[in-house]
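Novice: This is the content of coords_23.cif (mmCIF, C-alpha atoms):
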data_run
#
loop_
_atom_site.label_atom_id
_atom_site.label_comp_id
_atom_site.auth_asym_id
_atom_site.auth_seq_id
_atom_site.Cartn_x
_atom_site.Cartn_y
_atom_site.Cartn_z
CA MET A 708 0.00 0.00 0.00
CA LEU A 709 2.81 2.40 0.93
CA LYS A 710 4.63 1.58 -2.30
CA SER A 711 1.44 2.28 -4.24
CA LEU A 712 1.05 5.67 -2.54
CA LYS A 713 4.66 6.58 -3.31
CA LEU A 714 4.25 5.65 -6.95
CA GLY A 715 1.05 7.66 -7.09
CA ALA A 716 2.80 10.69 -5.61
CA VAL A 717 5.63 10.42 -8.12
CA ALA A 718 3.14 10.13 -10.97
CA ALA A 719 1.26 13.16 -9.72
CA LEU A 720 4.50 15.12 -9.40
CA MET A 721 5.52 14.14 -12.93
CA ALA A 722 2.09 15.09 -14.26
CA GLY A 723 2.33 18.44 -12.53
CA ALA A 724 5.77 19.04 -14.02
CA ALA A 725 4.51 18.13 -17.47
CA TYR A 726 1.85 20.81 -17.26
CA ALA A 727 3.91 23.40 -15.38
CA ASN A 728 3.76 27.03 -16.46
CA PRO A 729 7.18 27.68 -18.07
CA TYR A 730 6.80 31.39 -17.35
CA GLU A 731 5.89 31.05 -13.66
CA GLU A 732 9.45 31.50 -12.38
CA TYR A 733 9.76 34.80 -14.24
CA ALA A 734 6.32 36.28 -13.51
CA GLY A 735 6.68 39.77 -12.06
CA THR A 736 9.98 40.42 -13.84
CA THR A 737 10.18 43.72 -15.72
CA LEU A 738 12.22 43.61 -18.91
CA VAL A 739 13.68 46.79 -20.37
CA VAL A 740 13.94 46.58 -24.14
CA ASN A 741 15.42 48.97 -26.69
CA PHE A 742 13.43 49.22 -29.94
CA PRO A 743 13.71 51.60 -32.91
CA ALA A 744 11.05 54.05 -34.05
CA HIS A 745 10.01 51.86 -36.98
CA PRO A 746 6.67 50.55 -38.33
CA HIS A 747 7.51 46.95 -37.42
CA TYR A 748 8.31 47.82 -33.83
CA ASN A 749 5.26 50.04 -33.55
CA ALA A 750 3.30 46.90 -34.44
CA ALA A 751 5.29 44.79 -31.94
CA ILE A 752 4.55 47.23 -29.11
CA LYS A 753 0.83 46.73 -29.74
CA VAL A 754 1.07 42.99 -28.99
CA LEU A 755 3.29 43.23 -25.89
CA PRO A 756 0.26 43.41 -23.54
CA GLU A 757 -0.70 39.94 -24.77
CA PHE A 758 2.77 38.66 -23.86
CA THR A 759 2.37 40.09 -20.36
CA LYS A 760 -1.11 38.56 -20.08
CA GLN A 761 0.21 35.12 -21.01
CA THR A 762 3.44 35.21 -19.00
CA GLY A 763 3.19 37.72 -16.17
CA ILE A 764 6.40 39.35 -17.45
CA GLU A 765 6.20 43.12 -17.81
CA VAL A 766 7.94 44.92 -20.67
CA GLU A 767 9.20 48.50 -20.59
CA VAL A 768 10.13 49.86 -24.03
CA ASP A 769 12.77 52.50 -24.69
CA GLN A 770 11.98 53.45 -28.29
CA LEU A 771 14.46 55.66 -30.16
CA PRO A 772 15.21 56.70 -33.75
CA TYR A 773 17.47 53.94 -35.00
CA LEU A 774 20.61 56.08 -35.36
CA LYS A 775 20.16 57.36 -31.80
CA MET A 776 19.41 53.78 -30.76
CA ARG A 777 22.79 52.72 -32.07
CA GLU A 778 24.52 55.55 -30.17
CA ARG A 779 22.75 54.58 -26.94
CA GLN A 780 23.56 50.89 -27.39
CA THR A 781 27.23 51.64 -28.01
CA LEU A 782 27.35 53.21 -24.56
CA GLU A 783 25.15 50.63 -22.80
CA LEU A 784 26.80 47.50 -24.15
CA ALA A 785 30.22 48.67 -22.95
CA GLN A 786 29.08 48.84 -19.29
CA ASP A 787 29.62 46.05 -16.74
CA GLU A 788 25.88 46.05 -16.05
CA GLY A 789 23.60 47.21 -18.81
CA GLU A 790 20.15 48.75 -18.68
CA TYR A 791 18.71 46.67 -21.51
CA ASP A 792 17.56 43.06 -21.33
CA LEU A 793 16.74 42.80 -25.03
CA ILE A 794 17.83 45.02 -27.89
CA SER A 795 16.92 45.47 -31.49
CA TYR A 796 19.86 46.05 -33.79
CA VAL A 797 20.12 47.10 -37.41
CA VAL A 798 21.85 44.48 -39.52
CA PHE A 799 25.18 46.21 -40.02
CA SER A 800 25.61 46.49 -36.23
CA LYS A 801 25.82 42.69 -36.04
CA ALA A 802 29.49 42.57 -36.93
CA ASP A 803 30.44 45.29 -34.46
CA TYR A 804 28.56 43.81 -31.51
CA VAL A 805 29.66 40.22 -32.09
CA PHE A 806 33.28 41.24 -32.71
CA ALA A 807 33.24 43.16 -29.41
CA ASP A 808 31.73 40.11 -27.60
CA GLN A 809 28.67 42.10 -26.52
CA LEU A 810 25.87 39.67 -27.48
CA GLU A 811 24.85 36.34 -25.99
CA ASN A 812 25.36 33.23 -28.09
CA LEU A 813 21.84 31.78 -28.18
CA ALA A 814 22.85 28.10 -28.19
CA LYS A 815 22.60 27.61 -24.43
CA TYR A 816 19.07 29.03 -24.38
CA PHE A 817 17.80 26.80 -27.18
CA MET A 818 19.47 23.85 -25.41
CA ASN A 819 17.65 24.55 -22.14
CA PRO A 820 14.45 22.44 -21.98
CA LYS A 821 12.94 24.79 -19.38
CA LEU A 822 13.23 27.74 -21.77
CA ALA A 823 13.11 26.39 -25.33
CA ASN A 824 9.60 25.80 -26.66
CA PRO A 825 9.57 22.52 -28.69
CA ALA A 826 6.92 24.06 -30.96
CA TYR A 827 9.13 26.99 -31.94
CA ASP A 828 9.91 25.45 -35.38
CA ALA A 829 13.13 27.26 -36.29
CA ASP A 830 13.03 25.72 -39.77
CA ASP A 831 10.05 27.98 -40.51
CA LEU A 832 12.21 31.11 -40.06
CA ILE A 833 13.14 32.69 -43.39
CA ASP A 834 16.61 31.41 -44.29
CA GLY A 835 17.99 34.57 -45.87
CA TYR A 836 16.92 36.65 -42.89
CA VAL A 837 18.51 34.32 -40.34
CA GLU A 838 21.73 34.19 -42.36
CA ASN A 839 21.86 37.95 -42.81
CA ILE A 840 20.64 39.11 -39.41
CA GLY A 841 21.42 36.42 -36.87
CA VAL A 842 24.50 34.39 -37.77
CA ALA A 843 28.15 35.38 -37.36
CA GLY A 844 31.46 33.56 -37.39
CA GLY A 845 30.86 31.34 -40.42
CA THR A 846 31.73 31.98 -44.07
CA LYS A 847 33.43 35.38 -44.47
CA GLY A 848 32.83 35.89 -40.76
CA TYR A 849 29.26 37.10 -41.20
CA LEU A 850 27.47 34.24 -43.01
CA PRO A 851 26.52 30.69 -42.01
CA GLY A 852 29.14 27.96 -42.10
CA LYS A 853 30.57 25.22 -39.93
CA THR A 854 32.13 27.78 -37.60
CA GLY A 855 29.07 30.04 -37.38
CA SER A 856 26.85 30.71 -34.34
CA LEU A 857 23.46 32.34 -33.78
CA PHE A 858 23.51 35.63 -31.91
CA GLY A 859 20.15 37.11 -32.85
CA ILE A 860 16.76 36.36 -34.39
CA PRO A 861 15.35 38.33 -37.35
CA PHE A 862 12.60 40.66 -36.19
CA GLY A 863 11.66 43.49 -38.51
CA SER A 864 13.77 42.10 -41.33
CA GLU A 865 13.22 43.31 -44.86
CA THR A 866 13.69 42.44 -48.50
CA SER A 867 13.28 44.61 -51.58
CA VAL A 868 10.24 44.57 -53.86
CA LEU A 869 8.90 46.85 -56.58
CA ALA A 870 5.75 48.92 -56.20
CA TYR A 871 4.32 50.44 -59.36
CA ARG A 872 1.24 52.36 -60.45
CA LYS A 873 -1.02 49.83 -62.14
CA ASP A 874 -3.27 52.55 -63.54
CA ILE A 875 -0.42 54.48 -65.15
CA PHE A 876 1.21 51.36 -66.58
CA GLU A 877 -2.10 50.14 -68.02
CA LYS A 878 -2.94 53.56 -69.42
CA HIS A 879 0.26 53.64 -71.47
CA GLY A 880 0.62 49.94 -72.23
CA ILE A 881 3.76 49.51 -70.12
CA ALA A 882 4.39 45.98 -68.88
CA GLU A 883 5.20 45.17 -65.25
CA PRO A 884 9.02 45.29 -65.15
CA GLU A 885 10.48 41.81 -64.80
CA THR A 886 14.02 42.67 -65.95
CA TYR A 887 16.38 45.58 -65.42
CA ASP A 888 16.08 46.62 -69.06
CA GLN A 889 12.32 46.91 -68.62
CA LEU A 890 12.73 48.72 -65.32
CA LEU A 891 15.06 51.37 -66.75
CA ASP A 892 13.00 51.77 -69.92
CA ALA A 893 9.86 52.37 -67.85
CA ALA A 894 11.69 54.73 -65.50
CA CYS A 895 12.49 57.13 -68.32
CA LYS A 896 9.35 56.59 -70.40
CA ILE A 897 7.01 57.65 -67.60
CA PRO A 898 8.16 61.31 -67.48
CA GLU A 899 7.62 61.51 -71.25
CA VAL A 900 4.05 60.21 -71.23
CA GLU A 901 3.04 61.61 -67.82
CA PRO A 902 4.50 65.14 -67.59
CA GLY A 903 5.31 66.10 -64.01
CA MET A 904 5.58 62.50 -62.83
CA GLY A 905 8.94 60.87 -62.19
CA GLY A 906 9.70 57.33 -63.25
CA MET A 907 10.99 55.79 -60.04
CA ALA A 908 11.55 57.27 -56.58
CA SER A 909 14.84 56.05 -55.08
CA ARG A 910 17.23 56.77 -52.27
CA ALA A 911 20.07 58.99 -53.44
CA ALA A 912 21.17 61.29 -50.60
CA SER A 913 24.90 61.46 -49.94
CA GLY A 914 26.33 58.82 -47.62
CA HIS A 915 24.52 55.66 -46.57
CA GLN A 916 21.44 56.29 -48.71
CA ALA A 917 23.32 56.56 -52.03
CA SER A 918 25.40 53.52 -51.09
CA HIS A 919 22.29 51.50 -50.23
CA ALA A 920 20.67 52.43 -53.54
CA PHE A 921 23.78 51.45 -55.52
CA LEU A 922 24.14 48.11 -53.73
CA LEU A 923 20.45 47.43 -54.35
CA HIS A 924 21.30 47.14 -58.06
CA LEU A 925 24.82 45.73 -57.76
CA ALA A 926 23.84 42.21 -56.63
CA PRO A 927 21.17 41.47 -59.28
CA LEU A 928 23.43 42.89 -61.98
CA GLY A 929 26.07 40.35 -60.99
CA GLY A 930 28.39 42.45 -58.86
CA ARG A 931 29.91 42.31 -55.40
CA VAL A 932 31.99 44.69 -53.33
CA PHE A 933 34.73 42.04 -52.81
CA ASP A 934 35.90 38.82 -54.35
CA ASP A 935 36.53 35.76 -52.16
CA GLN A 936 39.99 37.04 -51.18
CA TRP A 937 38.66 40.43 -50.02
CA ASN A 938 39.98 42.23 -53.08
CA PRO A 939 37.67 45.12 -54.03
CA ILE A 940 35.86 44.45 -57.31
CA ILE A 941 33.28 47.19 -56.94
CA ASN A 942 34.83 48.94 -59.95
CA ASN A 943 34.40 46.10 -62.46
CA ALA A 944 31.87 46.09 -65.31
CA ALA A 945 29.00 45.04 -63.06
CA GLY A 946 29.78 47.87 -60.64
CA VAL A 947 29.80 50.41 -63.45
CA GLU A 948 26.49 49.06 -64.76
CA ALA A 949 24.91 49.32 -61.29
CA ALA A 950 26.05 52.93 -60.92
CA GLU A 951 24.75 53.73 -64.41
CA ALA A 952 21.40 52.18 -63.49
CA LEU A 953 21.16 54.31 -60.35
CA LYS A 954 22.04 57.47 -62.26
CA THR A 955 19.40 56.72 -64.91
CA ILE A 956 16.78 56.17 -62.21
CA VAL A 957 17.64 59.40 -60.40
CA ASP A 958 17.89 61.45 -63.60
CA CYS A 959 14.43 60.25 -64.65
CA GLY A 960 13.01 60.48 -61.14
CA PRO A 961 10.72 63.02 -59.47
CA GLU A 962 11.75 66.53 -58.51
CA GLY A 963 14.31 66.58 -55.70
CA ALA A 964 15.31 62.95 -56.25
CA MET A 965 19.02 63.58 -55.71
CA SER A 966 18.45 64.34 -52.03
CA PHE A 967 15.98 61.55 -51.23
CA GLY A 968 16.32 59.26 -48.26
CA PRO A 969 13.97 56.28 -47.99
CA ALA A 970 11.13 58.24 -46.37
CA GLU A 971 11.28 60.99 -48.99
CA ALA A 972 11.30 58.44 -51.81
CA ALA A 973 8.34 56.56 -50.31
CA ASN A 974 6.43 59.81 -49.81
CA ALA A 975 7.03 60.79 -53.44
CA PHE A 976 5.42 57.55 -54.57
CA ALA A 977 2.58 57.75 -52.04
CA ASN A 978 1.84 61.34 -53.15
CA GLY A 979 1.64 60.34 -56.82
CA ASP A 980 4.88 62.06 -57.84
CA ALA A 981 6.51 58.86 -59.12
CA ALA A 982 5.22 55.77 -60.91
CA MET A 983 7.57 53.27 -59.20
CA PHE A 984 9.29 52.70 -55.88
CA MET A 985 11.75 49.87 -55.22
CA ASP A 986 12.92 49.44 -51.66
CA SER A 987 12.06 47.63 -48.44
CA ILE A 988 8.77 45.86 -47.85
CA ALA A 989 8.50 47.96 -44.68
CA PHE A 990 7.16 50.89 -46.70
CA MET A 991 4.56 48.99 -48.71
CA PRO A 992 1.69 48.78 -46.17
CA GLY A 993 1.74 52.58 -46.02
CA PHE A 994 0.78 52.79 -49.69
CA GLU A 995 -2.54 51.12 -48.84
CA ASN A 996 -3.25 53.41 -45.88
CA PRO A 997 -5.71 56.15 -46.93
CA ASP A 998 -4.48 58.39 -44.12
CA ARG A 999 -0.97 58.40 -45.59
CA SER A 1000 -1.35 57.66 -49.30
CA SER A 1001 -3.14 59.05 -52.35
CA VAL A 1002 -2.50 55.89 -54.40
CA VAL A 1003 -4.55 53.37 -52.39
CA GLY A 1004 -5.88 50.64 -54.68
CA LYS A 1005 -3.74 51.78 -57.60
CA VAL A 1006 -0.53 49.97 -56.71
CA GLY A 1007 0.82 46.72 -58.12
CA TYR A 1008 3.58 44.78 -56.35
CA ALA A 1009 6.28 42.76 -58.08
CA MET A 1010 9.52 41.02 -57.25
CA HIS A 1011 12.81 42.89 -57.52
CA PRO A 1012 13.55 42.75 -61.29
CA GLU A 1013 16.10 40.32 -62.64
CA GLY A 1014 19.47 41.37 -64.00
CA VAL A 1015 21.90 38.55 -64.68
CA ARG A 1016 20.20 36.92 -61.69
CA ARG A 1017 17.61 37.69 -59.07
CA GLY A 1018 19.05 39.08 -55.88
CA SER A 1019 16.78 41.14 -53.67
CA GLN A 1020 18.24 42.75 -50.59
CA THR A 1021 18.04 41.45 -47.05
CA GLY A 1022 18.36 43.75 -44.09
CA GLY A 1023 16.40 45.51 -41.42
CA PHE A 1024 16.47 44.51 -37.77
CA GLY A 1025 16.98 41.59 -35.42
CA ILE A 1026 16.72 41.15 -31.66
CA ALA A 1027 19.46 39.96 -29.33
CA ILE A 1028 20.31 39.59 -25.65
CA PRO A 1029 23.21 41.78 -24.45
CA LYS A 1030 26.03 40.06 -22.60
CA ASN A 1031 25.53 42.52 -19.71
CA ALA A 1032 21.73 42.09 -19.45
CA GLU A 1033 20.25 41.53 -15.99
CA ASN A 1034 17.33 39.26 -16.94
CA LYS A 1035 18.70 37.07 -19.72
CA GLU A 1036 16.41 34.07 -19.38
CA ALA A 1037 13.25 36.16 -19.26
CA ALA A 1038 14.58 38.15 -22.22
CA PHE A 1039 14.98 34.91 -24.16
CA LEU A 1040 11.36 34.02 -23.39
CA LEU A 1041 10.25 37.37 -24.83
CA MET A 1042 12.49 36.91 -27.88
CA GLN A 1043 11.11 33.41 -28.42
CA TRP A 1044 7.49 34.54 -28.00
CA LEU A 1045 7.79 37.50 -30.38
CA THR A 1046 9.41 35.38 -33.10
CA SER A 1047 7.20 32.30 -32.60
CA LYS A 1048 4.52 31.43 -35.15
CA GLU A 1049 1.91 32.99 -32.89
CA GLY A 1050 3.89 36.16 -32.20
CA ASP A 1051 5.10 36.63 -35.77
CA LEU A 1052 1.54 36.46 -37.11
CA MET A 1053 0.21 38.81 -34.44
CA VAL A 1054 2.84 41.43 -35.26
CA ALA A 1055 2.32 40.98 -39.02
CA MET A 1056 -1.44 41.49 -38.67
CA GLU A 1057 -0.65 44.82 -36.99
CA GLY A 1058 1.47 45.85 -40.00
CA GLY A 1059 4.88 44.36 -39.10
CA ASN A 1060 7.28 42.45 -41.34
CA PRO A 1061 6.98 38.65 -41.05
CA SER A 1062 10.07 36.58 -40.33
CA ARG A 1063 8.43 33.22 -41.05
CA PHE A 1064 7.40 31.44 -44.23
CA SER A 1065 4.15 30.27 -42.61
CA THR A 1066 3.13 33.84 -41.81
CA TYR A 1067 3.38 34.87 -45.45
CA GLU A 1068 1.21 31.87 -46.35
CA ASN A 1069 -1.47 32.73 -43.78
CA ALA A 1070 -4.89 33.30 -45.37
CA ASP A 1071 -5.91 36.01 -42.89
CA LEU A 1072 -2.73 37.99 -43.54
CA ASN A 1073 -3.19 37.74 -47.31
CA ALA A 1074 -6.79 38.85 -47.01
CA LYS A 1075 -5.74 41.93 -45.03
CA TYR A 1076 -2.58 42.66 -47.04
CA PRO A 1077 -2.95 41.36 -50.64
CA PHE A 1078 0.70 42.09 -51.39
CA ALA A 1079 1.89 39.55 -48.80
CA SER A 1080 2.02 36.69 -51.33
CA THR A 1081 4.34 38.72 -53.58
CA PHE A 1082 6.64 39.40 -50.65
CA GLY A 1083 6.73 35.72 -49.79
CA GLU A 1084 7.69 34.85 -53.37
CA ALA A 1085 10.42 37.50 -53.38
CA LEU A 1086 12.04 35.90 -50.34
CA LYS A 1087 13.04 32.89 -52.41
CA TYR A 1088 15.60 35.19 -54.02
CA ALA A 1089 16.67 37.20 -50.97
CA ASP A 1090 20.46 37.56 -50.99
CA PRO A 1091 22.08 37.56 -47.52
CA ASP A 1092 25.42 38.60 -49.07
CA TRP A 1093 24.27 41.63 -51.07
CA ARG A 1094 26.52 43.77 -48.86
CA PRO A 1095 29.40 42.71 -46.59
CA ILE A 1096 28.73 42.90 -42.86
CA ILE A 1097 32.22 43.35 -41.47
CA PRO A 1098 33.53 45.62 -38.69
CA VAL A 1099 35.07 48.13 -41.13
CA TRP A 1100 31.96 48.33 -43.32
CA GLY A 1101 30.81 51.65 -41.87
CA LYS A 1102 33.86 53.47 -43.21
CA ILE A 1103 33.68 51.79 -46.62
CA ASN A 1104 29.93 52.32 -46.87
CA ALA A 1105 30.29 56.05 -46.17
CA ASP A 1106 32.94 56.37 -48.88
CA ILE A 1107 30.77 54.57 -51.44
CA GLY A 1108 27.84 56.80 -50.60
CA THR A 1109 29.64 60.14 -50.74
CA THR A 1110 31.40 59.17 -53.97
CA LEU A 1111 28.21 57.95 -55.67
CA SER A 1112 26.52 61.17 -54.64
CA LYS A 1113 29.13 63.07 -56.69
CA VAL A 1114 28.31 60.82 -59.64
CA LEU A 1115 24.64 61.76 -59.28
CA THR A 1116 25.03 65.46 -58.59
CA GLU A 1117 28.32 66.48 -60.23
CA ASP A 1118 28.53 64.01 -63.16
CA LEU A 1119 31.77 62.55 -61.82
CA ASP A 1120 32.95 59.86 -64.25
CA ILE A 1121 31.60 56.53 -62.98
CA GLN A 1122 34.67 54.43 -63.71
CA GLU A 1123 36.95 57.02 -62.16
CA ALA A 1124 34.70 57.26 -59.11
CA LEU A 1125 34.58 53.51 -58.52
CA ASP A 1126 38.30 53.11 -59.12
CA GLY A 1127 38.87 55.60 -56.32
CA VAL A 1128 36.50 53.72 -54.02
CA ALA A 1129 38.29 50.43 -54.77
CA GLU A 1130 41.69 51.94 -54.03
CA ARG A 1131 40.58 53.46 -50.73
CA THR A 1132 38.72 50.29 -49.75
CA LYS A 1133 41.87 48.25 -50.37
CA ALA A 1134 43.76 50.47 -47.94
CA VAL A 1135 41.05 50.16 -45.27
CA MET A 1136 41.06 46.36 -45.58
CA GLU A 1137 44.85 46.22 -45.40
CA ASP A 1138 44.90 48.34 -42.25
CA ALA A 1139 42.26 46.05 -40.71
CA GLY A 1140 44.40 42.96 -41.35
CA TYR A 1141 42.34 41.26 -44.03
CA TYR A 1142 45.44 40.42 -46.10
CA THR A 1143 47.50 39.05 -43.21
CA TRP A 1144 47.26 35.44 -44.40
CA GLN A 1145 47.74 36.10 -48.10
#
Step by step, read the file and then write its structure as structure tokens.
Specialist:
Amino acid sequence: MLKSLKLGAVAALMAGAAYANPYEEYAGTTLVVNFPAHPHYNAAIKVLPEFTKQTGIEVEVDQLPYLKMRERQTLELAQDEGEYDLISYVVFSKADYVFADQLENLAKYFMNPKLANPAYDADDLIDGYVENIGVAGGTKGYLPGKTGSLFGIPFGSETSVLAYRKDIFEKHGIAEPETYDQLLDAACKIPEVEPGMGGMASRAASGHQASHAFLLHLAPLGGRVFDDQWNPIINNAAGVEAAEALKTIVDCGPEGAMSFGPAEAANAFANGDAAMFMDSIAFMPGFENPDRSSVVGKVGYAMHPEGVRRGSQTGGFGIAIPKNAENKEAAFLLMQWLTSKEGDLMVAMEGGNPSRFSTYENADLNAKYPFASTFGEALKYADPDWRPIIPVWGKINADIGTTLSKVLTEDLDIQEALDGVAERTKAVMEDAGYYTWQ
């Protein structure tokens, strides 16, 4: 009888453990998170009360413009004890933070059966986003490989797609651009047939914006910044063609195009001043918002056009746990919840950018946002290596952007401009030690 009671007690204990609340230990914890002022994170903030309801974990958000966010994180991550339990980071910060050993390797959290949800389904995360945003230490130091590790999860990641005015294209018999030749032809035909309207609105402002716009075309046109030995090849034929494409787009663009950042370019399209806009998916929901757009219901969405290959951008944001965070395990639970199938869909329905294949396939999401299926198709061609994510990239990126701006505004010879970039980039890479083993 005693043995039977003991066995019954053990069984009851095991049953209780099987149905334990995995969040119970952390209920009452307050997490401090650092998010950017960005549409995806505005959507994420709307669903945080549901996380608290389910888990008992409170979340306090410090939301900053993303450049100020980076400045604040640079200070916080260098402290012995940091203020933030979870941070969002823009993709090109990945190399800096990992190189400085400021982010937690996520392996031990996903290995912990008390923390890792078996239903998380990591295989459902979009490959290109994980490779671009989350992994470091593998191929080239910033891509997956046998030596790579996971330091973050994509959250607010982006790829590039083309938005175009269906009504204008139909009116003039212009086909949806599927190739770069068609894209550039349409870009310069529109101002001829629709006086006062630019062909395509694009980033072009000096610095990061001009560099981003150039790199957007470099990958699909067959180019790269470096070869496999870190030699700059930005000035080869593909680089020249990409710069020529950008100049054509800006020259045929709306008024003021040479000074556009992404918001200005998106506003030009939303206001009806341009017939095309090719950039991040993050801007596309705004074109269907009648409070922000005059082109609602008139927009078609297509994949990034093909050059010698398809190669849409990957970028945007991820989330990570700082090495100096106070509440790391609770922060992992928030990270896991936000990027789970449930969390990803909730954020997407509020206007965020999905990080999962299943979210893009969701019928409710496609009913609310008809362009979602196009975005999902575009992700098959997302290129995680469209720009190098290395610690010295900031300096190289700035040089590309200021030099390309002179091409756009001062008619600097393209080959001469890119030759200068390649020469200066070579010197930066040499100083950083990239040729030590050659």
Novice: From the list A:Ile881, A:Val797, A:Leu738, A:Ile833, which residue is nearest Thr1046 (chain A) when using all atoms listed in the file?
Specialist: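 Smallest distance to Thr1046 (chain A) is found for A:Ile833.
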Novice: For region 740-807 of chain A against region 1083-1095 of chain A, with a cut-off of 12 Å and counting all atoms listed in the file, what is the closest atom pair and its distance in Å to one decimal for every residue that makes the cut, ordered by chain and number, as a Markdown table?
Specialist:
| residue | atom | partner | partner_atom | distance |
| --- | --- | --- | --- | --- |
| A:Val798 | CA | A:Arg1094 | CA | 10.5 |
| A:Phe799 | CA | A:Pro1095 | CA | 8.6 |
| A:Ser800 | CA | A:Pro1095 | CA | 11.7 |
| A:Lys801 | CA | A:Pro1095 | CA | 11.1 |
| A:Ala802 | CA | A:Pro1095 | CA | 9.7 |
Novice: Could you save the residues just selected, with C-alpha atoms, as a PDB file, keeping the file's coordinate frame?
Specialist:
ATOM      1  CA  VAL A 798      21.850  44.480 -39.520  1.00  0.00           C
ATOM      2  CA  PHE A 799      25.180  46.210 -40.020  1.00  0.00           C
ATOM      3  CA  SER A 800      25.610  46.490 -36.230  1.00  0.00           C
ATOM      4  CA  LYS A 801      25.820  42.690 -36.040  1.00  0.00           C
ATOM      5  CA  ALA A 802      29.490  42.570 -36.930  1.00  0.00           C
TER       6      ALA A 802
END
Novice: Counting all atoms listed in the file, which residue out of A:Glu790, A:Asp1118, A:Glu731, A:Asp803 sits closest to Val768 (chain A)?
Specialist: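 Ranked by minimum distance to Val768 (chain A), first place goes to A:Glu790.
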Novice: Written as a list of chain:residue names, what is the full residue list that the PyMOL selection byres ((chain A and resi 822) around 8) yields on the file shown?
Specialist: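 So the PyMOL selection byres ((chain A and resi 822) around 8), applied here, picks out A:Pro729, A:Tyr816, A:Phe817, A:Asn819, A:Pro820, A:Lys821, A:Ala823, A:Asn824, A:Glu1036, A:Phe1039, A:Leu1040.
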Novice: Point out the residue among A:Glu1137, A:Glu732, A:Glu811, A:Glu1057 with the least atom-to-atom distance to Asn938 (chain A), counting all atoms listed in the file.
Specialist: A:Glu1137
Novice: Go through A:Leu925, A:Leu891, A:Ala950, A:Val739 one by one, measure the shortest atom-to-atom distance of each to Leu1115 (chain A) using only C-alpha atoms, and give the residue with the smallest value.
Specialist: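 Under the stated criterion, the closest residue is A:Ala950.
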Novice: Could you work out how far CA of Ala870 (chain A) lies from CA of Val1006 (chain A), giving the answer in Å with one decimal?
Specialist: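 Computed distance, CA of Val1006 (chain A) to CA of Ala870 (chain A), equals 6.4 Å.
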Novice: Expanded to explicit residues, what is the PyMOL selection byres ((chain A and resi 943) around 12) for this file, as a ChimeraX atom specification?
Specialist: /A:925,928-934,938-942,944-950,1121-1126,1128-1129
Novice: Which residues, named as in the file, does the PyMOL selection byres ((chain A and resi 1106) around 9) pick out? Answer as a PyMOL selection string.
Specialist: chain A and resi 914-915+918+1101-1105+1107-1111+1128+1131-1132
Novice: For CA of Glu1068 (chain A) and CA of Val837 (chain A), quote the distance in Å rounded to one decimal.
Specialist: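 According to the coordinates, CA of Glu1068 (chain A) and CA of Val837 (chain A) are separated by 18.5 Å.
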Novice: Point out the residue among A:Tyr871, A:Phe758, A:Tyr849, A:Tyr748 with the least atom-to-atom distance to Gly1007 (chain A), counting only C-alpha atoms.
Specialist: A:Tyr871
Novice: Quick one: residues within 9 Å of Gly1050 (chain A), all atoms listed in the file, excluding same-chain residues fewer than 6 positions away - as a PyMOL selection string?
Specialist: chain A and resi 751+754+758+1043-1044
Novice: Expressed in Å to a single decimal, how great is the separation between CA of Glu788 (chain A) and CA of Ile764 (chain A)?
Specialist: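 Computed distance, CA of Glu788 (chain A) to CA of Ile764 (chain A), equals 20.6 Å.
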Novice: Would you please work out which residue, of A:Leu1119, A:Ala826, A:Val1099, A:Met776, is nearest to Lys1133 (chain A) when using all atoms listed in the file?
Specialist: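 Among the listed residues, the smallest separation from Lys1133 (chain A) belongs to A:Val1099.
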Novice: Just the residues within 10 Å of Lys1035 (chain A), please, counting only C-alpha atoms, with nothing from its chain fewer than 2 positions along; format it as a list of chain:residue names.
Specialist: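 The filter keeps A:Leu738, A:Tyr791, A:Asp792, A:Leu793, A:Glu811, A:Tyr816, A:Ile1028, A:Pro1029, A:Lys1030, A:Asn1031, A:Ala1032, A:Glu1033, A:Ala1037, A:Ala1038, A:Phe1039, A:Leu1040, A:Leu1041.
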